[in-house]
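See below for my_file.pdb, which holds PDB, C-alpha atoms.
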```
ATOM      1  CA  MET A   5     130.237 -12.541 104.893  1.00  0.00           C
ATOM      2  CA  PHE A   6     128.871 -10.336 107.656  1.00  0.00           C
ATOM      3  CA  SER A   7     125.626 -11.534 109.105  1.00  0.00           C
ATOM      4  CA  THR A   8     123.494  -9.812 111.705  1.00  0.00           C
ATOM      5  CA  ILE A   9     120.518 -11.560 113.300  1.00  0.00           C
ATOM      6  CA  ARG A  10     118.393  -9.689 115.817  1.00  0.00           C
ATOM      7  CA  ILE A  11     115.123 -10.550 117.520  1.00  0.00           C
ATOM      8  CA  GLN A  12     113.756  -7.604 119.453  1.00  0.00           C
ATOM      9  CA  THR A  13     110.628  -5.876 120.709  1.00  0.00           C
ATOM     10  CA  ALA A  14     111.859  -2.427 119.643  1.00  0.00           C
ATOM     11  CA  ALA A  15     111.223  -0.879 116.246  1.00  0.00           C
ATOM     12  CA  PHE A  16     114.031  -0.747 113.684  1.00  0.00           C
ATOM     13  CA  ASP A  17     115.217   1.951 111.322  1.00  0.00           C
ATOM     14  CA  VAL A  18     115.296   0.708 107.729  1.00  0.00           C
ATOM     15  CA  GLY A  19     117.487   3.615 106.614  1.00  0.00           C
ATOM     16  CA  ALA A  20     120.072   3.012 109.329  1.00  0.00           C
ATOM     17  CA  GLU A  21     120.153  -0.750 108.690  1.00  0.00           C
ATOM     18  CA  THR A  22     120.586  -0.207 104.961  1.00  0.00           C
ATOM     19  CA  ARG A  23     123.422   2.262 105.528  1.00  0.00           C
ATOM     20  CA  VAL A  24     125.248  -0.258 107.720  1.00  0.00           C
ATOM     21  CA  LEU A  25     124.984  -2.862 104.945  1.00  0.00           C
ATOM     22  CA  GLY A  26     126.561  -0.418 102.527  1.00  0.00           C
ATOM     23  CA  GLN A  27     129.517   0.146 104.809  1.00  0.00           C
ATOM     24  CA  VAL A  28     130.699  -3.455 105.194  1.00  0.00           C
ATOM     25  CA  SER A  29     132.893  -3.351 102.128  1.00  0.00           C
ATOM     26  CA  SER A  30     133.749  -1.059  99.252  1.00  0.00           C
ATOM     27  CA  GLN A  31     132.832  -3.995  96.972  1.00  0.00           C
ATOM     28  CA  VAL A  32     129.126  -3.549  97.728  1.00  0.00           C
ATOM     29  CA  GLY A  33     127.371  -2.573  94.526  1.00  0.00           C
ATOM     30  CA  ALA A  34     123.800  -3.462  95.432  1.00  0.00           C
ATOM     31  CA  ILE A  35     121.652  -3.533  98.545  1.00  0.00           C
ATOM     32  CA  THR A  36     118.147  -4.952  98.519  1.00  0.00           C
ATOM     33  CA  SER A  37     115.837  -5.032 101.491  1.00  0.00           C
ATOM     34  CA  PHE A  38     112.437  -6.369 102.413  1.00  0.00           C
ATOM     35  CA  THR A  39     110.335  -4.821 105.176  1.00  0.00           C
ATOM     36  CA  GLY A  40     107.207  -6.597 106.359  1.00  0.00           C
ATOM     37  CA  LEU A  41     104.442  -4.589 108.060  1.00  0.00           C
ATOM     38  CA  VAL A  42     101.488  -5.617 110.210  1.00  0.00           C
ATOM     39  CA  ARG A  43      98.286  -5.407 108.109  1.00  0.00           C
ATOM     40  CA  ASP A  44      94.990  -4.275 109.593  1.00  0.00           C
ATOM     41  CA  ILE A  45      93.126  -6.973 107.682  1.00  0.00           C
ATOM     42  CA  ASN A  46      93.893 -10.678 107.365  1.00  0.00           C
ATOM     43  CA  ASP A  47      91.642 -13.420 105.975  1.00  0.00           C
ATOM     44  CA  ASP A  48      88.723 -10.965 105.886  1.00  0.00           C
ATOM     45  CA  ALA A  49      88.911 -10.040 109.564  1.00  0.00           C
ATOM     46  CA  GLY A  50      89.974  -6.674 110.972  1.00  0.00           C
ATOM     47  CA  VAL A  51      93.150  -7.003 113.014  1.00  0.00           C
ATOM     48  CA  SER A  52      93.575  -4.642 115.960  1.00  0.00           C
ATOM     49  CA  SER A  53      96.868  -6.060 117.232  1.00  0.00           C
ATOM     50  CA  LEU A  54      99.308  -8.878 116.749  1.00  0.00           C
ATOM     51  CA  TYR A  55     101.280 -10.795 119.376  1.00  0.00           C
ATOM     52  CA  LEU A  56     104.452 -12.592 118.349  1.00  0.00           C
ATOM     53  CA  GLU A  57     106.549 -15.107 120.208  1.00  0.00           C
ATOM     54  CA  HIS A  58     109.670 -17.080 119.335  1.00  0.00           C
ATOM     55  CA  TYR A  59     111.885 -19.855 120.716  1.00  0.00           C
ATOM     56  CA  PRO A  60     114.867 -17.979 122.175  1.00  0.00           C
ATOM     57  CA  GLY A  61     118.078 -19.610 120.993  1.00  0.00           C
ATOM     58  CA  MET A  62     116.562 -21.884 118.371  1.00  0.00           C
ATOM     59  CA  THR A  63     115.004 -19.107 116.304  1.00  0.00           C
ATOM     60  CA  GLU A  64     118.273 -17.169 116.090  1.00  0.00           C
ATOM     61  CA  ARG A  65     120.092 -20.333 115.048  1.00  0.00           C
ATOM     62  CA  GLN A  66     117.528 -21.083 112.343  1.00  0.00           C
ATOM     63  CA  LEU A  67     117.808 -17.562 110.939  1.00  0.00           C
ATOM     64  CA  ALA A  68     121.608 -17.848 110.853  1.00  0.00           C
ATOM     65  CA  GLU A  69     121.267 -21.143 108.955  1.00  0.00           C
ATOM     66  CA  ILE A  70     118.928 -19.614 106.379  1.00  0.00           C
ATOM     67  CA  VAL A  71     121.323 -16.696 105.833  1.00  0.00           C
ATOM     68  CA  ALA A  72     124.250 -19.141 105.473  1.00  0.00           C
ATOM     69  CA  GLU A  73     122.308 -21.121 102.860  1.00  0.00           C
ATOM     70  CA  ALA A  74     121.608 -17.954 100.880  1.00  0.00           C
ATOM     71  CA  ALA A  75     125.315 -17.083 101.029  1.00  0.00           C
ATOM     72  CA  GLU A  76     126.166 -20.527  99.653  1.00  0.00           C
ATOM     73  CA  ARG A  77     123.860 -19.981  96.744  1.00  0.00           C
ATOM     74  CA  TRP A  78     124.546 -16.355  95.839  1.00  0.00           C
ATOM     75  CA  GLN A  79     127.310 -13.836  96.397  1.00  0.00           C
ATOM     76  CA  VAL A  80     126.397 -12.183  99.667  1.00  0.00           C
ATOM     77  CA  LEU A  81     128.764  -9.682 101.252  1.00  0.00           C
ATOM     78  CA  ALA A  82     126.492  -8.918 104.196  1.00  0.00           C
ATOM     79  CA  ALA A  83     123.008  -9.811 105.387  1.00  0.00           C
ATOM     80  CA  THR A  84     120.829  -8.486 108.193  1.00  0.00           C
ATOM     81  CA  VAL A  85     117.684 -10.103 109.544  1.00  0.00           C
ATOM     82  CA  ILE A  86     115.654  -8.324 112.219  1.00  0.00           C
ATOM     83  CA  HIS A  87     112.387  -9.755 113.518  1.00  0.00           C
ATOM     84  CA  ARG A  88     110.235  -8.128 116.145  1.00  0.00           C
ATOM     85  CA  VAL A  89     108.340 -10.012 118.851  1.00  0.00           C
ATOM     86  CA  GLY A  90     105.774  -9.003 121.456  1.00  0.00           C
ATOM     87  CA  GLU A  91     102.755  -6.783 120.906  1.00  0.00           C
ATOM     88  CA  LEU A  92     102.509  -5.058 117.497  1.00  0.00           C
ATOM     89  CA  ARG A  93      99.871  -2.909 115.807  1.00  0.00           C
ATOM     90  CA  PRO A  94      98.782  -2.423 112.200  1.00  0.00           C
ATOM     91  CA  THR A  95     101.333  -0.445 110.146  1.00  0.00           C
ATOM     92  CA  ASP A  96     104.158  -1.433 112.554  1.00  0.00           C
ATOM     93  CA  PRO A  97     107.235  -2.831 110.795  1.00  0.00           C
ATOM     94  CA  ILE A  98     107.633  -6.451 111.883  1.00  0.00           C
ATOM     95  CA  VAL A  99     110.506  -7.925 109.866  1.00  0.00           C
ATOM     96  CA  PHE A 100     113.520  -6.619 107.964  1.00  0.00           C
ATOM     97  CA  VAL A 101     115.772  -8.561 105.609  1.00  0.00           C
ATOM     98  CA  GLY A 102     118.638  -6.703 103.956  1.00  0.00           C
ATOM     99  CA  VAL A 103     121.315  -8.092 101.665  1.00  0.00           C
ATOM    100  CA  ALA A 104     124.431  -6.408 100.311  1.00  0.00           C
ATOM    101  CA  SER A 105     126.101  -7.889  97.269  1.00  0.00           C
ATOM    102  CA  LEU A 106     128.306  -6.992  94.346  1.00  0.00           C
ATOM    103  CA  HIS A 107     125.394  -7.033  91.907  1.00  0.00           C
ATOM    104  CA  ARG A 108     121.642  -6.633  92.119  1.00  0.00           C
ATOM    105  CA  GLY A 109     120.724 -10.121  90.897  1.00  0.00           C
ATOM    106  CA  ASP A 110     122.396 -11.829  93.840  1.00  0.00           C
ATOM    107  CA  ALA A 111     121.065  -9.241  96.279  1.00  0.00           C
ATOM    108  CA  PHE A 112     117.445  -9.562  95.085  1.00  0.00           C
ATOM    109  CA  GLN A 113     117.432 -13.339  95.037  1.00  0.00           C
ATOM    110  CA  ALA A 114     119.223 -13.848  98.346  1.00  0.00           C
ATOM    111  CA  CYS A 115     116.840 -11.412 100.027  1.00  0.00           C
ATOM    112  CA  GLU A 116     113.778 -13.189  98.658  1.00  0.00           C
ATOM    113  CA  TYR A 117     115.170 -16.599  99.584  1.00  0.00           C
ATOM    114  CA  ILE A 118     115.784 -15.499 103.179  1.00  0.00           C
ATOM    115  CA  ILE A 119     112.293 -14.062 103.725  1.00  0.00           C
ATOM    116  CA  ASP A 120     110.616 -17.045 102.010  1.00  0.00           C
ATOM    117  CA  TYR A 121     112.358 -19.514 104.293  1.00  0.00           C
ATOM    118  CA  LEU A 122     112.020 -17.322 107.371  1.00  0.00           C
ATOM    119  CA  LYS A 123     108.247 -17.507 106.934  1.00  0.00           C
ATOM    120  CA  THR A 124     108.095 -21.282 106.718  1.00  0.00           C
ATOM    121  CA  ARG A 125     111.000 -22.477 108.865  1.00  0.00           C
ATOM    122  CA  ALA A 126     111.907 -20.044 111.632  1.00  0.00           C
ATOM    123  CA  ALA A 127     110.272 -20.549 115.040  1.00  0.00           C
ATOM    124  CA  PHE A 128     107.912 -17.575 115.295  1.00  0.00           C
ATOM    125  CA  TRP A 129     104.219 -17.704 116.091  1.00  0.00           C
ATOM    126  CA  LYS A 130     101.631 -14.983 115.536  1.00  0.00           C
ATOM    127  CA  LYS A 131      98.398 -14.439 117.406  1.00  0.00           C
ATOM    128  CA  GLU A 132      95.935 -11.939 116.018  1.00  0.00           C
ATOM    129  CA  GLN A 133      93.454  -9.918 117.954  1.00  0.00           C
ATOM    130  CA  THR A 134      90.383  -9.406 115.735  1.00  0.00           C
ATOM    131  CA  GLU A 135      86.787  -8.184 116.214  1.00  0.00           C
ATOM    132  CA  ALA A 136      85.830 -11.859 116.539  1.00  0.00           C
ATOM    133  CA  GLY A 137      88.416 -12.554 119.274  1.00  0.00           C
ATOM    134  CA  ALA A 138      91.994 -13.802 119.386  1.00  0.00           C
ATOM    135  CA  ARG A 139      93.330 -16.487 117.040  1.00  0.00           C
ATOM    136  CA  TRP A 140      96.687 -18.143 116.437  1.00  0.00           C
ATOM    137  CA  LEU A 141      97.595 -18.073 112.764  1.00  0.00           C
ATOM    138  CA  THR A 142      98.305 -21.186 110.732  1.00  0.00           C
ATOM    139  CA  THR A 143     100.968 -21.586 108.060  1.00  0.00           C
ATOM    140  CA  ARG A 144      99.738 -20.503 104.634  1.00  0.00           C
ATOM    141  CA  ASP A 145      99.917 -23.103 101.869  1.00  0.00           C
ATOM    142  CA  SER A 146     100.986 -20.342  99.491  1.00  0.00           C
ATOM    143  CA  ASP A 147     104.014 -19.603 101.702  1.00  0.00           C
ATOM    144  CA  LEU A 148     104.995 -23.276 101.830  1.00  0.00           C
ATOM    145  CA  LYS A 149     104.728 -23.462  98.051  1.00  0.00           C
ATOM    146  CA  THR A 150     106.824 -20.327  97.558  1.00  0.00           C
ATOM    147  CA  ALA A 151     109.594 -21.705  99.781  1.00  0.00           C
ATOM    148  CA  ALA A 152     109.443 -25.125  98.104  1.00  0.00           C
ATOM    149  CA  ASN A 153     109.997 -23.433  94.732  1.00  0.00           C
ATOM    150  CA  TRP A 154     113.554 -22.597  95.789  1.00  0.00           C
ATOM    151  CA  GLN A 155     114.312 -26.294  96.231  1.00  0.00           C
ATOM    152  CA  ALA A 156     112.982 -27.156  92.796  1.00  0.00           C
ATOM    153  CA  ASP A 157     114.787 -24.212  91.290  1.00  0.00           C
ATOM    154  CA  ASP A 158     118.261 -25.570  90.649  1.00  0.00           C
ATOM    155  CA  ALA A 159     118.667 -23.340  87.619  1.00  0.00           C
ATOM    156  CA  SER A 160     119.085 -20.261  89.827  1.00  0.00           C
ATOM    157  CA  PRO A 161     122.382 -18.436  89.531  1.00  0.00           C
ATOM    158  CA  LYS A 162     124.886 -19.934  91.932  1.00  0.00           C
ATOM    159  CA  LYS A 163     127.747 -18.250  93.674  1.00  0.00           C
ATOM    160  CA  SER A 164     130.636 -18.219  91.212  1.00  0.00           C
TER     161      SER A 164
ATOM    162  CA  MET B  18     115.444 -34.537 134.219  1.00  0.00           C
ATOM    163  CA  VAL B  19     114.352 -33.410 130.784  1.00  0.00           C
ATOM    164  CA  LYS B  20     113.167 -29.839 130.272  1.00  0.00           C
ATOM    165  CA  VAL B  21     109.934 -29.849 128.270  1.00  0.00           C
ATOM    166  CA  ILE B  22     108.616 -26.613 126.776  1.00  0.00           C
ATOM    167  CA  PHE B  23     105.495 -25.687 124.825  1.00  0.00           C
ATOM    168  CA  PHE B  24     104.933 -22.721 122.553  1.00  0.00           C
ATOM    169  CA  ALA B  25     102.075 -20.638 121.190  1.00  0.00           C
ATOM    170  CA  SER B  26      98.647 -22.329 120.863  1.00  0.00           C
ATOM    171  CA  LEU B  27     100.002 -25.535 122.355  1.00  0.00           C
ATOM    172  CA  ARG B  28     101.114 -23.721 125.523  1.00  0.00           C
ATOM    173  CA  GLU B  29      97.696 -22.101 125.814  1.00  0.00           C
ATOM    174  CA  ASN B  30      95.737 -25.280 125.136  1.00  0.00           C
ATOM    175  CA  LEU B  31      97.768 -27.245 127.691  1.00  0.00           C
ATOM    176  CA  GLY B  32      97.917 -24.386 130.175  1.00  0.00           C
ATOM    177  CA  THR B  33     101.622 -25.171 130.596  1.00  0.00           C
ATOM    178  CA  ALA B  34     104.761 -23.401 129.430  1.00  0.00           C
ATOM    179  CA  GLU B  35     107.469 -25.598 130.899  1.00  0.00           C
ATOM    180  CA  LEU B  36     107.939 -28.847 132.815  1.00  0.00           C
ATOM    181  CA  GLN B  37     110.805 -30.877 134.251  1.00  0.00           C
ATOM    182  CA  VAL B  38     110.264 -34.580 133.674  1.00  0.00           C
ATOM    183  CA  ALA B  39     112.288 -37.526 134.938  1.00  0.00           C
ATOM    184  CA  VAL B  40     112.602 -39.942 132.032  1.00  0.00           C
ATOM    185  CA  PRO B  41     113.598 -43.623 132.186  1.00  0.00           C
ATOM    186  CA  GLU B  42     116.462 -44.983 130.108  1.00  0.00           C
ATOM    187  CA  PRO B  43     116.061 -45.478 127.247  1.00  0.00           C
ATOM    188  CA  ALA B  44     113.546 -42.769 126.400  1.00  0.00           C
ATOM    189  CA  SER B  45     112.372 -41.158 123.182  1.00  0.00           C
ATOM    190  CA  VAL B  46     110.154 -38.231 122.258  1.00  0.00           C
ATOM    191  CA  ALA B  47     107.324 -40.732 121.746  1.00  0.00           C
ATOM    192  CA  SER B  48     107.830 -42.339 125.170  1.00  0.00           C
ATOM    193  CA  LEU B  49     107.933 -38.864 126.743  1.00  0.00           C
ATOM    194  CA  VAL B  50     104.536 -38.096 125.179  1.00  0.00           C
ATOM    195  CA  THR B  51     103.159 -41.382 126.558  1.00  0.00           C
ATOM    196  CA  GLN B  52     104.529 -40.446 129.983  1.00  0.00           C
ATOM    197  CA  LEU B  53     102.948 -36.978 129.854  1.00  0.00           C
ATOM    198  CA  VAL B  54      99.588 -38.368 128.732  1.00  0.00           C
ATOM    199  CA  ALA B  55      99.644 -40.878 131.607  1.00  0.00           C
ATOM    200  CA  VAL B  56      99.992 -37.992 134.053  1.00  0.00           C
ATOM    201  CA  TYR B  57      97.892 -35.259 132.459  1.00  0.00           C
ATOM    202  CA  GLY B  58      95.240 -37.205 130.564  1.00  0.00           C
ATOM    203  CA  ASP B  59      93.629 -37.558 127.146  1.00  0.00           C
ATOM    204  CA  HIS B  60      93.498 -33.834 126.493  1.00  0.00           C
ATOM    205  CA  TRP B  61      97.305 -33.903 126.283  1.00  0.00           C
ATOM    206  CA  ALA B  62      97.195 -36.895 123.934  1.00  0.00           C
ATOM    207  CA  LEU B  63      94.931 -34.942 121.597  1.00  0.00           C
ATOM    208  CA  GLU B  64      97.117 -31.838 121.635  1.00  0.00           C
ATOM    209  CA  LEU B  65     100.540 -33.505 121.434  1.00  0.00           C
ATOM    210  CA  ASN B  66      99.596 -36.038 118.765  1.00  0.00           C
ATOM    211  CA  ARG B  67      98.105 -33.592 116.286  1.00  0.00           C
ATOM    212  CA  ASP B  68      99.581 -34.191 112.812  1.00  0.00           C
ATOM    213  CA  ASN B  69     101.027 -30.704 112.564  1.00  0.00           C
ATOM    214  CA  VAL B  70     102.731 -30.551 115.972  1.00  0.00           C
ATOM    215  CA  LEU B  71     106.502 -30.180 115.606  1.00  0.00           C
ATOM    216  CA  VAL B  72     109.194 -31.329 118.017  1.00  0.00           C
ATOM    217  CA  ALA B  73     112.681 -30.000 118.654  1.00  0.00           C
ATOM    218  CA  VAL B  74     115.297 -31.734 120.781  1.00  0.00           C
ATOM    219  CA  ASN B  75     118.035 -29.410 122.029  1.00  0.00           C
ATOM    220  CA  GLN B  76     116.711 -26.756 119.638  1.00  0.00           C
ATOM    221  CA  ALA B  77     116.967 -28.856 116.481  1.00  0.00           C
ATOM    222  CA  LEU B  78     113.881 -30.288 114.748  1.00  0.00           C
ATOM    223  CA  ALA B  79     113.435 -33.946 115.610  1.00  0.00           C
ATOM    224  CA  GLU B  80     111.261 -36.952 114.863  1.00  0.00           C
ATOM    225  CA  ARG B  81     109.173 -38.767 117.456  1.00  0.00           C
ATOM    226  CA  HIS B  82     111.538 -41.737 117.525  1.00  0.00           C
ATOM    227  CA  GLN B  83     114.521 -39.597 118.536  1.00  0.00           C
ATOM    228  CA  VAL B  84     116.228 -40.808 121.709  1.00  0.00           C
ATOM    229  CA  ILE B  85     116.322 -38.361 124.613  1.00  0.00           C
ATOM    230  CA  VAL B  86     118.425 -38.395 127.775  1.00  0.00           C
ATOM    231  CA  ALA B  87     118.550 -36.467 131.047  1.00  0.00           C
ATOM    232  CA  GLY B  88     119.605 -32.878 130.474  1.00  0.00           C
ATOM    233  CA  ASP B  89     117.928 -32.618 127.062  1.00  0.00           C
ATOM    234  CA  GLU B  90     115.498 -29.847 126.160  1.00  0.00           C
ATOM    235  CA  VAL B  91     112.406 -31.019 124.284  1.00  0.00           C
ATOM    236  CA  ALA B  92     110.052 -28.478 122.734  1.00  0.00           C
ATOM    237  CA  PHE B  93     106.611 -29.009 121.220  1.00  0.00           C
ATOM    238  CA  PHE B  94     105.061 -26.363 118.981  1.00  0.00           C
ATOM    239  CA  PRO B  95     102.573 -25.715 116.177  1.00  0.00           C
ATOM    240  CA  PRO B  96     103.640 -24.830 112.604  1.00  0.00           C
ATOM    241  CA  VAL B  97     105.541 -21.556 112.434  1.00  0.00           C
ATOM    242  CA  THR B  98     103.972 -18.295 111.263  1.00  0.00           C
ATOM    243  CA  GLY B  99     106.654 -15.612 111.282  1.00  0.00           C
ATOM    244  CA  GLY B 100     107.486 -12.883 108.808  1.00  0.00           C
TER     245      GLY B 100
END
```
Using the file provided, produce a representation of the structure as structure tokens.
Amino acid sequence: MFSTIRIQTAAFDVGAETRVLGQVSSQVGAITSFTGLVRDINDDAGVSSLYLEHYPGMTERQLAEIVAEAAERWQVLAATVIHRVGELRPTDPIVFVGVASLHRGDAFQACEYIIDYLKTRAAFWKKEQTEAGARWLTTRDSDLKTAANWQADDASPKKS
Amino acid sequence: MVKVIFFASLRENLGTAELQVAVPEPASVASLVTQLVAVYGDHWALELNRDNVLVAVNQALAERHQVIVAGDEVAFFPPVTGG
């Protein structure tokens, strides 16, 4: 399994990242990807910019662990996780998760698993600049619930 | 010395990003917090003892009772909000 983890301030090119995933092996039959963007509204407040920080070293390790878990659970030929940090603005791409697999089912599920756990486990923190001032975000209960569903969900297709 | 680091809202609320602290032997995360509060005051007790504050020792999540020794890196941070 090829895994690429990058934390960077620069933008990323979804097309280029997806192409790379398709080139890792001639067995790749499906690539799924998730791209998260900065919204201009959150919890009813207008957001003018977003600042993101991480824990250098630990965050990369956590992302690698999450990818490894997904590869245990589903057939993953390659996975790429890119997360931006620093100052971002509405409409900016902030996170990319791409998974290449033999079949779409594994690719879809592994991709969703990785982003769900990234949101609740990986050491990133967001601070929003809104009309009302700056505020650090708190973890959403809905995100915690979504991630917890994977633990309860033992009926999911496993790697054969 | 133990390297102590704070992230995000915790760093801002404490006005501190990083400290080097000499810890006695034996020491734990909990005893480190007690030591910090003794030096910096009740405001630090309030911030570091919040229910949702997480701790990592050498970049792995840890409980308050975890033993720490010289050379360790101890990080305190609020719940994560990436993605």
Exercise. Hey, can you pull every residue with an atom no more than 6 Å from (107.9, -25.0, 110.7), using only C-alpha atoms, and send it as a ChimeraX atom specification?
Worked result: /A:124-125 /B:96-97
Exercise. Applied to the shown file, which residues does the ChimeraX specification (/A :<7) & /B return, written as a list in words?
Worked result: Ala25, Ser26, Gln76, Pro96, Val97, Thr98, Gly99 and Gly100 of chain B
Problem set entry | Surrounding residues of Leu63 (chain B) excluding itself and chain neighbours under 2 positions, 12 Å, all atoms listed in the file, as number ranges by chain | B: 27, 30-31, 50-51, 53-54, 57-61, 65-70
Exercise. Of the candidates A:Ala152, A:Ile11, A:Ala68, A:Val103, which shows the shortest atom-to-atom distance to Arg23 (chain A), using all atoms listed in the file?
Worked result: A:Val103
Problem set entry | Pick from A:Gln113, A:Ser53, A:Ser7, A:Asn153, whichever lies nearest to Ala82 (chain A) using all atoms listed in the file |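 Among the listed residues, the smallest separation from Ala82 (chain A) belongs to A:Ser7.
A straight line drawn from CA of Gln133 (chain A) to CA of Thr33 (chain B) is 21.4 Å long.
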For this session: Check which residues satisfy the PyMOL selection byres ((chain B and resi 20) around 9) in the file shown, then give them as a PyMOL selection string.
Result: chain B and resi 18-19+21-22+35-38+87-92
Exercise. Given the choices A:Ser30, A:Ser52, A:Thr84, A:Thr13, which gets closest to Ala111 (chain A) if the distance is worked out from only C-alpha atoms?
Worked result: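 Of the candidates, the smallest distance to Ala111 (chain A) is held by A:Thr84.
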Identify, on the basis of all atoms listed in the file, every residue whose closest approach to Ser48 (chain B) does not exceed 9 Å; exclude the query and any residue fewer than 5 positions from it along the same chain; express the result as a PDB file with C-alpha atoms, in the coordinates of the input.
```pdb
ATOM      1  CA  VAL B  40     112.602 -39.942 132.032  1.00  0.00           C
ATOM      2  CA  LEU B  53     102.948 -36.978 129.854  1.00  0.00           C
ATOM      3  CA  ARG B  81     109.173 -38.767 117.456  1.00  0.00           C
ATOM      4  CA  HIS B  82     111.538 -41.737 117.525  1.00  0.00           C
TER       5      HIS B  82
END
```
Exercise. Rounded to one decimal in Å, what is the spacing between CA of Met5 (chain A) and CA of Val80 (chain A)?
Worked result: 6.5 Å
For this session: Quick one: pull the distance between CA of Val32 (chain A) and CA of Ala104 (chain A), Å, one decimal.
Result: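 Distance between the two atoms: 6.1 Å.
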For this session: Excluding Leu81 (chain A) and any residue of its chain fewer than 4 positions from it, enumerate the residues within 12 Å of it, using only C-alpha atoms, and give them as a PyMOL selection string.
Result: chain A and resi 5-8+24-36+71-72+74-76+102-108+110-111+114+163
Edge lengths and centre, in Å to one decimal, as JSON: that's what I need for the box along x, y and z that holds all listed atoms of region 77-95 of chain B plus 5 Å on each side.
```
{"center_x": 111.1, "center_y": -33.7, "center_z": 122.9, "size_x": 27.0, "size_y": 26.0, "size_z": 26.3}
```
For this session: Report as a PyMOL selection string the full result of the PyMOL selection byres ((chain B and resi 45) around 6) when it is applied to this structure.
Result: chain B and resi 44+46-48+82-85
